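Visitor: Just work-v8.cif, nothing more (mmCIF, C-alpha atoms):
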data_model
#
loop_
_atom_site.label_atom_id
_atom_site.label_comp_id
_atom_site.auth_asym_id
_atom_site.auth_seq_id
_atom_site.Cartn_x
_atom_site.Cartn_y
_atom_site.Cartn_z
CA MET A 1 2.65 0.78 -36.23
CA GLU A 2 1.08 3.96 -37.62
CA GLN A 3 -1.00 5.68 -34.97
CA LYS A 4 -3.41 8.58 -35.04
CA LEU A 5 -2.52 11.75 -33.14
CA VAL A 6 -5.66 12.95 -31.37
CA ALA A 7 -6.65 15.46 -28.72
CA LEU A 8 -8.78 13.79 -26.05
CA SER A 9 -9.52 14.09 -22.38
CA GLY A 10 -8.43 11.22 -20.17
CA ASN A 11 -12.02 10.02 -19.90
CA GLU A 12 -12.43 10.01 -23.68
CA ALA A 13 -9.10 8.23 -24.16
CA VAL A 14 -10.07 5.42 -21.78
CA ALA A 15 -13.51 5.12 -23.37
CA TYR A 16 -11.83 4.60 -26.75
CA ALA A 17 -9.48 1.99 -25.31
CA PHE A 18 -12.38 0.08 -23.80
CA LYS A 19 -14.34 0.28 -27.05
CA GLN A 20 -11.36 -1.15 -28.92
CA ALA A 21 -11.46 -4.26 -26.71
CA ARG A 22 -14.98 -5.00 -28.06
CA PRO A 23 -16.37 -5.86 -24.63
CA HIS A 24 -19.56 -7.84 -24.41
CA VAL A 25 -20.97 -6.05 -21.35
CA ALA A 26 -20.53 -2.71 -19.58
CA SER A 27 -22.33 -2.00 -16.32
CA ALA A 28 -22.66 1.68 -15.50
CA PHE A 29 -23.70 4.08 -12.77
CA PRO A 30 -22.71 7.76 -12.86
CA ILE A 31 -20.45 9.50 -10.38
CA THR A 32 -18.24 12.56 -10.86
CA PRO A 33 -15.59 12.61 -12.33
CA GLN A 34 -16.07 9.21 -13.98
CA THR A 35 -19.43 9.97 -15.59
CA GLU A 36 -18.08 11.49 -18.80
CA MET A 37 -16.13 8.32 -19.57
CA MET A 38 -19.27 6.19 -19.56
CA HIS A 39 -21.15 8.93 -21.42
CA LYS A 40 -18.60 8.65 -24.20
CA PHE A 41 -18.85 4.88 -24.25
CA ALA A 42 -22.65 5.08 -24.30
CA GLU A 43 -22.28 7.31 -27.36
CA PHE A 44 -20.30 4.53 -29.07
CA VAL A 45 -23.09 2.07 -28.26
CA ALA A 46 -25.82 4.43 -29.49
CA ASN A 47 -23.94 5.06 -32.74
CA GLY A 48 -23.50 1.34 -33.39
CA GLU A 49 -19.71 1.54 -33.06
CA THR A 50 -19.71 -1.31 -30.56
CA GLU A 51 -22.14 -4.14 -29.86
CA THR A 52 -21.59 -3.97 -26.11
CA GLU A 53 -24.63 -4.60 -23.92
CA MET A 54 -24.84 -1.64 -21.54
CA ILE A 55 -26.51 -2.36 -18.21
CA LEU A 56 -27.65 0.80 -16.43
CA VAL A 57 -28.06 -0.05 -12.77
CA GLU A 58 -29.28 1.67 -9.61
CA SER A 59 -26.00 1.89 -7.72
CA GLU A 60 -22.28 1.17 -7.89
CA HIS A 61 -22.81 -1.92 -5.74
CA SER A 62 -25.14 -3.15 -8.47
CA ALA A 63 -22.68 -2.14 -11.19
CA MET A 64 -19.98 -4.38 -9.75
CA SER A 65 -22.53 -7.13 -9.04
CA ALA A 66 -23.65 -7.04 -12.68
CA ALA A 67 -20.02 -7.12 -13.79
CA VAL A 68 -19.37 -10.19 -11.65
CA GLY A 69 -22.41 -11.98 -13.04
CA SER A 70 -21.47 -11.08 -16.60
CA ALA A 71 -17.83 -12.15 -16.24
CA ALA A 72 -18.82 -15.39 -14.52
CA ALA A 73 -21.12 -16.10 -17.46
CA GLY A 74 -18.11 -15.84 -19.77
CA ALA A 75 -18.35 -12.28 -21.10
CA ARG A 76 -15.63 -9.66 -21.47
CA THR A 77 -16.80 -7.02 -19.03
CA PHE A 78 -15.88 -3.59 -17.73
CA THR A 79 -17.19 -0.88 -15.44
CA ALA A 80 -16.04 2.44 -14.01
CA THR A 81 -16.37 4.45 -10.84
CA SER A 82 -14.86 7.03 -8.49
CA SER A 83 -14.66 7.83 -4.79
CA ALA A 84 -17.78 6.90 -2.81
CA GLY A 85 -18.97 4.83 -5.77
CA PHE A 86 -15.94 2.59 -5.37
CA ALA A 87 -16.60 2.42 -1.63
CA LEU A 88 -20.18 1.32 -2.28
CA MET A 89 -18.81 -1.51 -4.46
CA TRP A 90 -16.66 -2.64 -1.55
CA GLU A 91 -18.18 -6.05 -0.85
CA ILE A 92 -18.31 -7.07 -4.51
CA VAL A 93 -14.84 -5.72 -5.33
CA TYR A 94 -13.43 -8.47 -3.12
CA VAL A 95 -15.75 -11.04 -4.69
CA ALA A 96 -14.56 -10.17 -8.20
CA ALA A 97 -10.92 -10.81 -7.30
CA SER A 98 -11.62 -13.92 -5.24
CA LEU A 99 -13.59 -15.47 -8.11
CA ARG A 100 -10.67 -14.68 -10.46
CA LEU A 101 -12.79 -12.66 -12.87
CA PRO A 102 -10.76 -10.47 -15.30
CA ILE A 103 -13.04 -7.43 -15.12
CA CYS A 104 -11.49 -4.13 -16.18
CA MET A 105 -12.44 -0.96 -14.33
CA ALA A 106 -11.57 2.68 -14.77
CA LEU A 107 -11.13 4.22 -11.33
CA VAL A 108 -11.06 7.99 -11.79
CA ASN A 109 -9.37 9.02 -8.58
CA ARG A 110 -11.35 11.29 -6.29
CA ALA A 111 -11.36 11.95 -2.56
CA LEU A 112 -13.27 9.57 -0.32
CA SER A 113 -14.63 12.19 1.91
CA GLY A 114 -16.30 13.82 4.73
CA ASN A 115 -16.87 16.63 4.12
CA ILE A 116 -18.10 16.20 0.54
CA ASN A 117 -15.37 16.75 -2.02
CA ILE A 118 -15.46 15.88 -5.72
CA HIS A 119 -11.78 16.52 -6.51
CA CYS A 120 -8.71 14.37 -6.87
CA ASP A 121 -6.78 12.41 -4.37
CA HIS A 122 -5.95 8.71 -4.12
CA SER A 123 -7.94 7.77 -1.04
CA ASP A 124 -10.46 5.77 -3.08
CA SER A 125 -7.96 3.47 -4.78
CA MET A 126 -5.88 3.16 -1.61
CA GLY A 127 -8.98 2.03 0.24
CA GLY A 128 -9.10 -0.94 -2.13
CA ARG A 129 -5.41 -1.73 -2.30
CA ASP A 130 -5.83 -5.05 -0.50
CA ALA A 131 -8.95 -6.24 -2.32
CA GLY A 132 -7.01 -8.38 -4.79
CA TRP A 133 -7.14 -6.21 -7.90
CA ILE A 134 -4.17 -5.25 -10.06
CA HIS A 135 -3.62 -1.47 -9.83
CA LEU A 136 -2.13 0.50 -12.73
CA PHE A 137 -1.58 4.25 -12.29
CA SER A 138 -1.34 6.81 -15.10
CA GLU A 139 0.49 10.11 -15.40
CA ASN A 140 -1.50 11.57 -18.30
CA ALA A 141 -4.11 10.77 -20.94
CA GLN A 142 -1.62 8.83 -23.06
CA GLU A 143 -0.73 6.50 -20.19
CA SER A 144 -4.39 6.18 -19.25
CA TYR A 145 -5.18 5.02 -22.78
CA ASP A 146 -2.18 2.68 -22.92
CA ASN A 147 -2.91 1.15 -19.51
CA ALA A 148 -6.55 0.67 -20.49
CA VAL A 149 -5.49 -1.26 -23.62
CA MET A 150 -2.95 -3.39 -21.77
CA ALA A 151 -5.27 -4.07 -18.82
CA TRP A 152 -7.28 -6.62 -20.84
CA ARG A 153 -4.24 -8.62 -21.86
CA ILE A 154 -2.92 -8.63 -18.30
CA GLY A 155 -6.13 -9.54 -16.48
CA GLU A 156 -7.31 -12.10 -19.03
CA HIS A 157 -4.00 -13.97 -19.21
CA MET A 158 -4.68 -17.57 -18.20
CA ASP A 159 -1.88 -17.42 -15.60
CA VAL A 160 -3.49 -14.33 -14.03
CA ARG A 161 -7.31 -14.17 -14.36
CA LEU A 162 -7.63 -11.20 -12.04
CA PRO A 163 -9.52 -7.90 -12.27
CA VAL A 164 -7.54 -4.79 -13.21
CA MET A 165 -8.24 -1.18 -12.30
CA VAL A 166 -6.82 1.66 -14.39
CA ASN A 167 -6.30 4.64 -12.10
CA TYR A 168 -6.10 8.18 -13.41
CA ASP A 169 -6.48 11.46 -11.55
CA GLY A 170 -9.92 13.02 -11.48
CA PHE A 171 -10.25 16.31 -13.40
CA ILE A 172 -6.46 16.67 -13.70
CA ILE A 173 -6.45 13.87 -16.30
CA SER A 174 -10.10 12.88 -16.72
CA HIS A 175 -11.36 16.28 -17.88
CA THR A 176 -8.22 17.79 -19.39
CA ALA A 177 -7.62 17.64 -23.14
CA ASP A 178 -4.26 16.20 -24.08
CA ALA A 179 -2.51 15.12 -27.27
CA LEU A 180 -1.96 11.39 -27.54
CA HIS A 181 -1.31 8.63 -30.04
CA MET A 182 -4.09 6.09 -30.46
CA LEU A 183 -3.94 2.72 -32.15
CA PRO A 184 -6.31 1.92 -35.02
CA ASP A 185 -9.29 -0.06 -33.75
CA ASP A 186 -8.32 -3.29 -35.50
CA ALA A 187 -4.70 -3.09 -34.35
CA ALA A 188 -5.78 -2.52 -30.76
CA TYR A 189 -8.18 -5.46 -30.89
CA ASP A 190 -5.54 -7.69 -32.46
CA PHE A 191 -3.21 -6.80 -29.59
CA ILE A 192 -5.88 -7.42 -26.94
CA GLY A 193 -7.13 -10.58 -28.61
CA LYS A 194 -10.42 -12.43 -28.73
CA TYR A 195 -11.80 -13.16 -25.29
CA LYS A 196 -11.29 -16.64 -23.88
CA HIS A 197 -13.16 -17.42 -20.70
CA ALA A 198 -11.75 -19.78 -18.10
CA TYR A 199 -15.23 -21.01 -17.25
CA THR A 200 -18.83 -20.03 -17.89
CA LEU A 201 -22.08 -20.46 -16.01
CA LEU A 202 -23.83 -20.95 -19.35
CA ASP A 203 -22.32 -24.33 -20.29
CA PRO A 204 -24.61 -27.07 -18.94
CA GLU A 205 -22.22 -29.76 -20.22
CA ASN A 206 -19.50 -28.44 -17.89
CA PRO A 207 -21.32 -27.14 -14.80
CA VAL A 208 -19.43 -25.05 -12.24
CA THR A 209 -20.26 -23.62 -8.85
CA VAL A 210 -19.40 -19.96 -8.35
CA GLY A 211 -19.29 -18.24 -4.97
CA PRO A 212 -20.47 -21.05 -2.69
CA LEU A 213 -20.37 -21.02 1.10
CA ASP A 214 -16.71 -21.58 2.00
CA LEU A 215 -16.18 -22.19 5.71
CA THR A 216 -13.20 -23.27 7.75
CA ASP A 217 -12.64 -26.50 5.80
CA TYR A 218 -11.15 -24.91 2.66
CA TYR A 219 -11.40 -21.10 2.84
CA PHE A 220 -7.76 -20.71 3.96
CA GLU A 221 -6.54 -22.98 1.16
CA HIS A 222 -8.50 -20.99 -1.41
CA LYS A 223 -6.94 -17.77 -0.13
CA ALA A 224 -3.49 -19.38 -0.31
CA SER A 225 -4.17 -20.30 -3.94
CA GLN A 226 -5.25 -16.74 -4.68
CA LEU A 227 -2.15 -15.31 -2.96
CA ALA A 228 0.12 -17.49 -5.09
CA THR A 229 -1.34 -15.93 -8.25
CA TYR A 230 0.13 -12.51 -7.49
CA GLU A 231 3.66 -13.90 -7.71
CA ARG A 232 3.02 -14.56 -11.41
CA VAL A 233 1.51 -11.16 -12.18
CA PRO A 234 4.72 -9.04 -12.49
CA GLY A 235 6.14 -11.31 -15.18
CA ILE A 236 2.91 -11.10 -17.19
CA VAL A 237 2.71 -7.30 -16.78
CA GLN A 238 6.30 -7.04 -17.98
CA SER A 239 5.81 -9.26 -21.03
CA VAL A 240 2.57 -7.49 -22.05
CA SER A 241 4.26 -4.09 -21.62
CA GLU A 242 7.21 -5.16 -23.76
CA GLU A 243 4.91 -6.43 -26.50
CA PHE A 244 2.95 -3.18 -26.36
CA GLY A 245 6.20 -1.25 -26.60
CA ALA A 246 7.22 -3.18 -29.70
CA LEU A 247 3.86 -2.31 -31.27
CA THR A 248 3.65 1.36 -30.31
CA GLY A 249 7.14 2.53 -29.39
CA ARG A 250 5.90 3.37 -25.89
CA THR A 251 7.52 1.13 -23.29
CA TYR A 252 6.49 0.79 -19.66
CA GLN A 253 8.08 -0.79 -16.62
CA PHE A 254 6.65 -1.33 -13.13
CA CYS A 255 8.18 2.05 -12.35
CA GLU A 256 9.41 4.86 -14.58
CA GLU A 257 12.89 6.21 -13.85
CA TYR A 258 13.55 9.89 -14.52
CA ALA A 259 17.06 11.27 -14.11
CA MET A 260 17.85 8.30 -11.89
CA ASP A 261 21.21 7.14 -13.27
CA ASP A 262 23.36 9.20 -10.87
CA ALA A 263 20.64 10.50 -8.54
CA GLU A 264 21.61 10.91 -4.91
CA LEU A 265 18.17 12.26 -3.97
CA VAL A 266 14.96 10.57 -5.14
CA ILE A 267 11.26 11.47 -5.14
CA VAL A 268 8.77 8.58 -5.29
CA VAL A 269 5.27 9.41 -6.56
CA LEU A 270 2.12 8.11 -8.29
CA GLY A 271 0.01 9.60 -11.07
CA SER A 272 -0.15 13.03 -12.65
CA SER A 273 2.07 14.69 -10.04
CA ALA A 274 5.06 13.03 -11.69
CA GLY A 275 4.89 15.58 -14.51
CA THR A 276 5.14 18.49 -12.07
CA CYS A 277 8.08 16.84 -10.34
CA LYS A 278 9.93 16.32 -13.63
CA ASP A 279 9.83 20.03 -14.46
CA VAL A 280 11.39 21.01 -11.13
CA ILE A 281 13.91 18.18 -11.27
CA ASP A 282 15.11 19.57 -14.62
CA GLU A 283 15.68 22.98 -13.01
CA TYR A 284 17.60 21.52 -10.07
CA ARG A 285 19.66 19.36 -12.41
CA GLU A 286 20.79 22.55 -14.17
CA LYS A 287 21.96 23.79 -10.75
CA GLY A 288 23.98 20.62 -10.27
CA VAL A 289 21.65 18.93 -7.78
CA LYS A 290 21.57 15.18 -8.42
CA VAL A 291 17.88 14.53 -7.93
CA GLY A 292 15.71 11.97 -9.72
CA LEU A 293 12.19 10.58 -9.82
CA LEU A 294 10.80 7.07 -9.43
CA LYS A 295 7.19 7.03 -10.64
CA ILE A 296 5.30 3.92 -9.62
CA ARG A 297 3.05 2.63 -12.40
CA MET A 298 2.06 -0.77 -10.96
CA PHE A 299 1.03 -0.28 -7.34
CA ARG A 300 -0.48 -3.77 -6.97
CA PRO A 301 1.22 -6.13 -6.91
CA PHE A 302 3.74 -3.77 -5.30
CA PRO A 303 7.10 -3.95 -7.17
CA VAL A 304 9.13 -4.61 -4.04
CA GLN A 305 12.31 -5.88 -5.64
CA MET A 306 12.53 -3.13 -8.27
CA ILE A 307 11.93 -0.36 -5.75
CA ALA A 308 14.47 -1.80 -3.31
CA GLU A 309 17.08 -1.99 -6.07
CA LYS A 310 16.39 1.46 -7.51
CA LEU A 311 16.52 3.23 -4.12
CA ALA A 312 19.51 1.37 -2.71
CA GLY A 313 22.53 3.54 -2.02
CA ARG A 314 20.75 6.89 -2.38
CA LYS A 315 21.45 9.64 0.13
CA ALA A 316 17.80 10.53 0.79
CA VAL A 317 14.33 9.51 -0.46
CA ALA A 318 11.02 11.40 -0.26
CA VAL A 319 7.78 9.48 -0.84
CA LEU A 320 4.77 11.57 -1.85
CA ASP A 321 1.28 10.34 -0.93
CA ARG A 322 -1.94 11.84 -2.24
CA SER A 323 -3.82 10.05 0.53
CA ALA A 324 -3.52 9.70 4.27
CA SER A 325 -3.54 6.57 6.40
CA PHE A 326 -5.31 7.79 9.50
CA GLY A 327 -3.52 6.48 12.54
CA GLY A 328 -0.81 4.87 10.41
CA GLN A 329 2.86 5.75 10.23
CA GLY A 330 2.63 7.72 7.00
CA GLY A 331 0.72 7.36 3.75
CA PRO A 332 0.16 4.04 1.96
CA VAL A 333 2.87 4.51 -0.68
CA PHE A 334 5.36 5.52 2.00
CA MET A 335 4.64 2.50 4.15
CA GLU A 336 4.95 0.14 1.17
CA THR A 337 8.19 1.79 0.02
CA ARG A 338 9.79 1.82 3.45
CA SER A 339 8.87 -1.84 3.87
CA ALA A 340 10.46 -2.67 0.50
CA MET A 341 13.64 -0.92 1.66
CA TYR A 342 13.86 -2.86 4.92
CA GLY A 343 17.48 -3.23 6.00
CA GLN A 344 18.78 -0.36 3.86
CA GLN A 345 20.44 2.58 5.57
CA VAL A 346 18.70 5.17 3.41
CA PRO A 347 16.67 7.91 5.14
CA VAL A 348 13.07 8.00 3.86
CA ASN A 349 10.61 10.79 4.62
CA ASN A 350 6.92 11.04 3.77
CA TYR A 351 4.95 13.96 2.33
CA ILE A 352 1.16 14.06 2.30
CA TYR A 353 -0.07 16.42 -0.42
CA GLY A 354 -2.96 17.35 -2.67
CA LEU A 355 -5.82 16.00 -0.56
CA GLY A 356 -9.24 16.89 -1.92
CA GLY A 357 -7.75 18.36 -5.08
CA ARG A 358 -5.44 20.87 -3.39
CA ASP A 359 -3.04 22.15 -6.05
CA PHE A 360 0.35 20.48 -6.25
CA ASP A 361 2.68 23.14 -7.58
CA LEU A 362 6.32 23.71 -8.44
CA HIS A 363 7.07 25.35 -5.10
CA GLN A 364 5.99 22.24 -3.21
CA VAL A 365 8.39 20.12 -5.26
CA GLU A 366 11.13 22.66 -4.54
CA GLU A 367 10.36 22.32 -0.84
CA VAL A 368 10.72 18.54 -1.06
CA ILE A 369 14.04 18.75 -2.92
CA ASP A 370 15.38 21.34 -0.48
CA ASP A 371 14.42 19.00 2.37
CA LEU A 372 16.13 16.09 0.62
CA GLN A 373 19.36 18.09 0.48
CA LYS A 374 19.12 18.80 4.20
CA VAL A 375 18.55 15.12 5.00
CA ALA A 376 21.48 14.12 2.77
CA ALA A 377 23.63 16.58 4.74
CA GLY A 378 22.72 14.83 7.99
CA GLU A 379 19.80 16.93 9.24
CA GLU A 380 16.84 15.08 10.74
CA LEU A 381 13.37 16.14 9.60
CA GLN A 382 9.89 15.05 10.55
CA LEU A 383 9.02 11.60 9.32
CA ILE A 384 5.62 12.75 8.02
CA ASN A 385 5.19 16.21 6.46
CA LEU A 386 2.19 18.06 5.03
CA LEU A 387 2.66 19.96 1.76
CA GLY A 388 0.65 23.00 0.72
CA ILE A 389 -1.46 23.19 3.86
CA ARG A 390 -2.63 26.64 5.02
CA SER A 391 -1.23 27.79 8.36
#
Show me, as C-alpha cells, the structure contained in the file I just sent.

Guide:
Amino acid sequence: MEQKLVALSGNEAVAYAFKQARPHVASAFPITPQTEMMHKFAEFVANGETETEMILVESEHSAMSAAVGSAAAGARTFTATSSAGFALMWEIVYVAASLRLPICMALVNRALSGNINIHCDHSDSMGGRDAGWIHLFSENAQESYDNAVMAWRIGEHMDVRLPVMVNYDGFIISHTADALHMLPDDAAYDFIGKYKHAYTLLDPENPVTVGPLDLTDYYFEHKASQLATYERVPGIVQSVSEEFGALTGRTYQFCEEYAMDDAELVIVVLGSSAGTCKDVIDEYREKGVKVGLLKIRMFRPFPVQMIAEKLAGRKAVAVLDRSASFGGQGGPVFMETRSAMYGQQVPVNNYIYGLGGRDFDLHQVEEVIDDLQKVAAGEELQLINLLGIRS
C-alpha cells in the first residue's frame, strides 16, 4: 500500500487517524497537552473534511457522558483528554466500559498532580488501568497514528465491544514534529470499516434498557460476563495488528522485542522512553553486554503469558515506571510484570523515573544497565529505585 510520508506532531497524527475513521460524533473539552489534537480535528470539521458532529461541553465529565450517550445511540464516537481531565471523567469512564461501548479516546499522558504540573508522566492512564478500557501505548508519532487507526477495529469488533484509549506521551510525542507514513483516507477507512452498532437507543422496534439499577440480584453476574470479554481481546488485537501489518508493512505485537534474542539483561518500559533505551542498548551491545528491551504496547489487557515467556531465564530484569503507586510495592508496570513472572527465579528491580516531565536521558539508562550487570553478578540492590532525582 502506497503511503504518504508526512511531518506531523503526535497530536496532528492522531487527529488525522480519527478523521479517517469518519466518526459520527466527537465530544470535546480542552486540557493541555491534548487541546491541540482536538483543535486539529475541529479544523477538519470547519473545512468540511469530515461530517462529524462536534459537541463542545463544559467539562471532561460531560465529554465522556456525551460520548456514552452518543455511542449508546449507535454512533461511532471519540473523545480525548489528559491528566486531571481524565480524572474528572472517572465515574463515566467505568460506565463506558461496563456498557460495552466501543468509544475511542486519545489520552495524552500528563501528570495527575499536586502540585500543578502540565508535563508528561503516566499517572493519569495508570489511575484508570482497572476501569475496563483497552490500553495501547505508543513510542512515537507513527505508533500513535497506527494505534489510533487500529483502535476502531479492535474496540468495535463484535467479540470485544469495549472502549479503547490510545496513550501517547504529552509534549514528548504530542507536540513534537516527527516523520511518519500515513495511509490515504479511503484506504484507512476501508481498513477500519463502516460502523456497525451492537444496539441503539434509537430503534423503537427493538427497545433496549441501558444503565439500569443493577443491585445484588445480577450485578455480580454482569461483572463476570464483562470479565470474560477480556480473555478474547488479545486474539482480536493480534489479528487486527497482523492485518494492519499486511496493509502497511508495520507490524505490532503486544510487546516489541529489541535485541532480545540472546539478552541476559532486560529493560521493560512503556511509551517514548523506549527510544532512549534503544540508543544506549546499542552502545552496550557494541561493548559486548547482552542487554535487550521489552517495550509493552498493550498494557490492558496485560499480556501476562507473553511477558512471562520473554523474561524467563534472563539473569536480571529492570522495570521502568513513569508513575508511582503510593504505598504500593513499586510502580504499576513493575507490579504487573512481577506478578506475571510468579514462580520464576529471575531478579526483578523497579525504577521510578520521569515524574512530572523530568528528563529521561542516556545516563539514566546507563545507570539501569550498570545495575542490571551488578544484579546478574549476584549483588542485591534496592527493590525500588528513583532515577534522575536531585539529591

Visitor: Between A:Ala87, A:Arg110, A:Val346, A:Ile134, which is the closest to Ser59 in chain A once you count only C-alpha atoms?

Guide: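 With only C-alpha atoms as the atom set, the closest residue is A:Ala87.
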
Visitor: Just want the 12 Å neighbourhood of Ala28 in chain A, counted on all atoms listed in the file, with same-chain residues fewer than 2 positions away dropped. Output as a PDB file with C-alpha atoms, in the coordinates of the input.

Guide:
ATOM      1  CA  VAL A  25     -20.970  -6.050 -21.350  1.00  0.00           C
ATOM      2  CA  ALA A  26     -20.530  -2.710 -19.580  1.00  0.00           C
ATOM      3  CA  PRO A  30     -22.710   7.760 -12.860  1.00  0.00           C
ATOM      4  CA  ILE A  31     -20.450   9.500 -10.380  1.00  0.00           C
ATOM      5  CA  GLN A  34     -16.070   9.210 -13.980  1.00  0.00           C
ATOM      6  CA  THR A  35     -19.430   9.970 -15.590  1.00  0.00           C
ATOM      7  CA  GLU A  36     -18.080  11.490 -18.800  1.00  0.00           C
ATOM      8  CA  MET A  37     -16.130   8.320 -19.570  1.00  0.00           C
ATOM      9  CA  MET A  38     -19.270   6.190 -19.560  1.00  0.00           C
ATOM     10  CA  HIS A  39     -21.150   8.930 -21.420  1.00  0.00           C
ATOM     11  CA  LYS A  40     -18.600   8.650 -24.200  1.00  0.00           C
ATOM     12  CA  PHE A  41     -18.850   4.880 -24.250  1.00  0.00           C
ATOM     13  CA  ALA A  42     -22.650   5.080 -24.300  1.00  0.00           C
ATOM     14  CA  GLU A  53     -24.630  -4.600 -23.920  1.00  0.00           C
ATOM     15  CA  MET A  54     -24.840  -1.640 -21.540  1.00  0.00           C
ATOM     16  CA  ILE A  55     -26.510  -2.360 -18.210  1.00  0.00           C
ATOM     17  CA  LEU A  56     -27.650   0.800 -16.430  1.00  0.00           C
ATOM     18  CA  VAL A  57     -28.060  -0.050 -12.770  1.00  0.00           C
ATOM     19  CA  GLU A  58     -29.280   1.670  -9.610  1.00  0.00           C
ATOM     20  CA  SER A  59     -26.000   1.890  -7.720  1.00  0.00           C
ATOM     21  CA  GLU A  60     -22.280   1.170  -7.890  1.00  0.00           C
ATOM     22  CA  HIS A  61     -22.810  -1.920  -5.740  1.00  0.00           C
ATOM     23  CA  SER A  62     -25.140  -3.150  -8.470  1.00  0.00           C
ATOM     24  CA  ALA A  63     -22.680  -2.140 -11.190  1.00  0.00           C
ATOM     25  CA  MET A  64     -19.980  -4.380  -9.750  1.00  0.00           C
ATOM     26  CA  SER A  65     -22.530  -7.130  -9.040  1.00  0.00           C
ATOM     27  CA  ALA A  66     -23.650  -7.040 -12.680  1.00  0.00           C
ATOM     28  CA  ALA A  67     -20.020  -7.120 -13.790  1.00  0.00           C
ATOM     29  CA  THR A  77     -16.800  -7.020 -19.030  1.00  0.00           C
ATOM     30  CA  PHE A  78     -15.880  -3.590 -17.730  1.00  0.00           C
ATOM     31  CA  THR A  79     -17.190  -0.880 -15.440  1.00  0.00           C
ATOM     32  CA  ALA A  80     -16.040   2.440 -14.010  1.00  0.00           C
ATOM     33  CA  THR A  81     -16.370   4.450 -10.840  1.00  0.00           C
ATOM     34  CA  SER A  82     -14.860   7.030  -8.490  1.00  0.00           C
ATOM     35  CA  GLY A  85     -18.970   4.830  -5.770  1.00  0.00           C
ATOM     36  CA  MET A 105     -12.440  -0.960 -14.330  1.00  0.00           C
ATOM     37  CA  ALA A 106     -11.570   2.680 -14.770  1.00  0.00           C
TER      38      ALA A 106
END

Visitor: If you count all atoms listed in the file, which residues fall within 10 Å of Ala72 in chain A, apart from same-chain ones fewer than 6 positions away, as an MDAnalysis selection string?

Guide: chainID A and resid 66 96 99:103 197:202 208 210:211

Visitor: Step by step, work through what the PyMOL selection byres ((chain A and resi 342) around 12) selects in the shown file, and finish by giving those residues as a list in words.

Guide: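 Given this file, the PyMOL selection byres ((chain A and resi 342) around 12) evaluates to Val304, Gln305, Ile307, Ala308, Glu309, Leu311, Ala312, Met335, Glu336, Thr337, Arg338, Ser339, Ala340, Met341, Gly343, Gln344, Gln345, Val346, Pro347 and Val348 of chain A.
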
Visitor: Between A:Thr50, A:Gln382, A:Ser325, A:Gln3, which has the minimum distance to Lys19 in chain A (counting all atoms listed in the file)?

Guide: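 Residue with the minimum atom-to-atom distance to Lys19 in chain A: A:Thr50.
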
Visitor: Which of these residues is nearest to Phe171 in chain A, using only C-alpha atoms: A:Asn11, A:Gly313, A:Glu366, A:Ala263?

Guide: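 Among the listed residues, A:Asn11 lies closest to Phe171 in chain A.
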
Visitor: Work out how far apart CA of Pro33 in chain A and CA of Leu162 in chain A are and give it in Å to one decimal.

Guide: 25.1 Å

Visitor: Hey, which of A:Glu367, A:Asp261, A:Glu205, A:Glu2 ends up closest to Tyr284 in chain A? Count only C-alpha atoms.

Guide: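 Using only C-alpha atoms, Tyr284 in chain A sits closest to A:Glu367.
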
Visitor: Excluding same-chain residues fewer than 5 positions from Ile154 in chain A, what lies within 10 Å of it counting all atoms listed in the file, as a list of chain:residue names?

Guide: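 In the requested form, the answer reads A:Pro102, A:Cys104, A:Ile134, A:Asn147, A:Val149, A:Asp159, A:Val160, A:Arg161, A:Leu162, A:Pro163, A:Val164, A:Ile192, A:Val233, A:Pro234, A:Gly235, A:Ile236, A:Val237, A:Gln238, A:Ser239, A:Val240, A:Ser241.
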
Visitor: Find the residues around Ala188 in chain A up to 10 Å (all atoms listed in the file counted), leave out those fewer than 2 positions away in its own chain, and share them as a PyMOL selection string.

Guide: chain A and resi 17-22+149-150+182-186+190-193+244+247

Visitor: How far is it from CA of Asn109 in chain A to CA of Val317 in chain A, in Å with one decimal?

Guide: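 The value is 25.1 Å.
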
Visitor: Residues proximal to (-15.7, 8.3, -2.1) were defined as those with any atom within 9 Å of that point in the file's coordinates, counting only C-alpha atoms. Which are they, as a ChimeraX atom specification?

Guide: /A:82-88,110-114,116-118,123-124

Visitor: At what distance in Å, to one decimal, does CA of Ile92 in chain A lie from CA of Val269 in chain A?

Guide: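 Those two atoms sit 28.8 Å apart.
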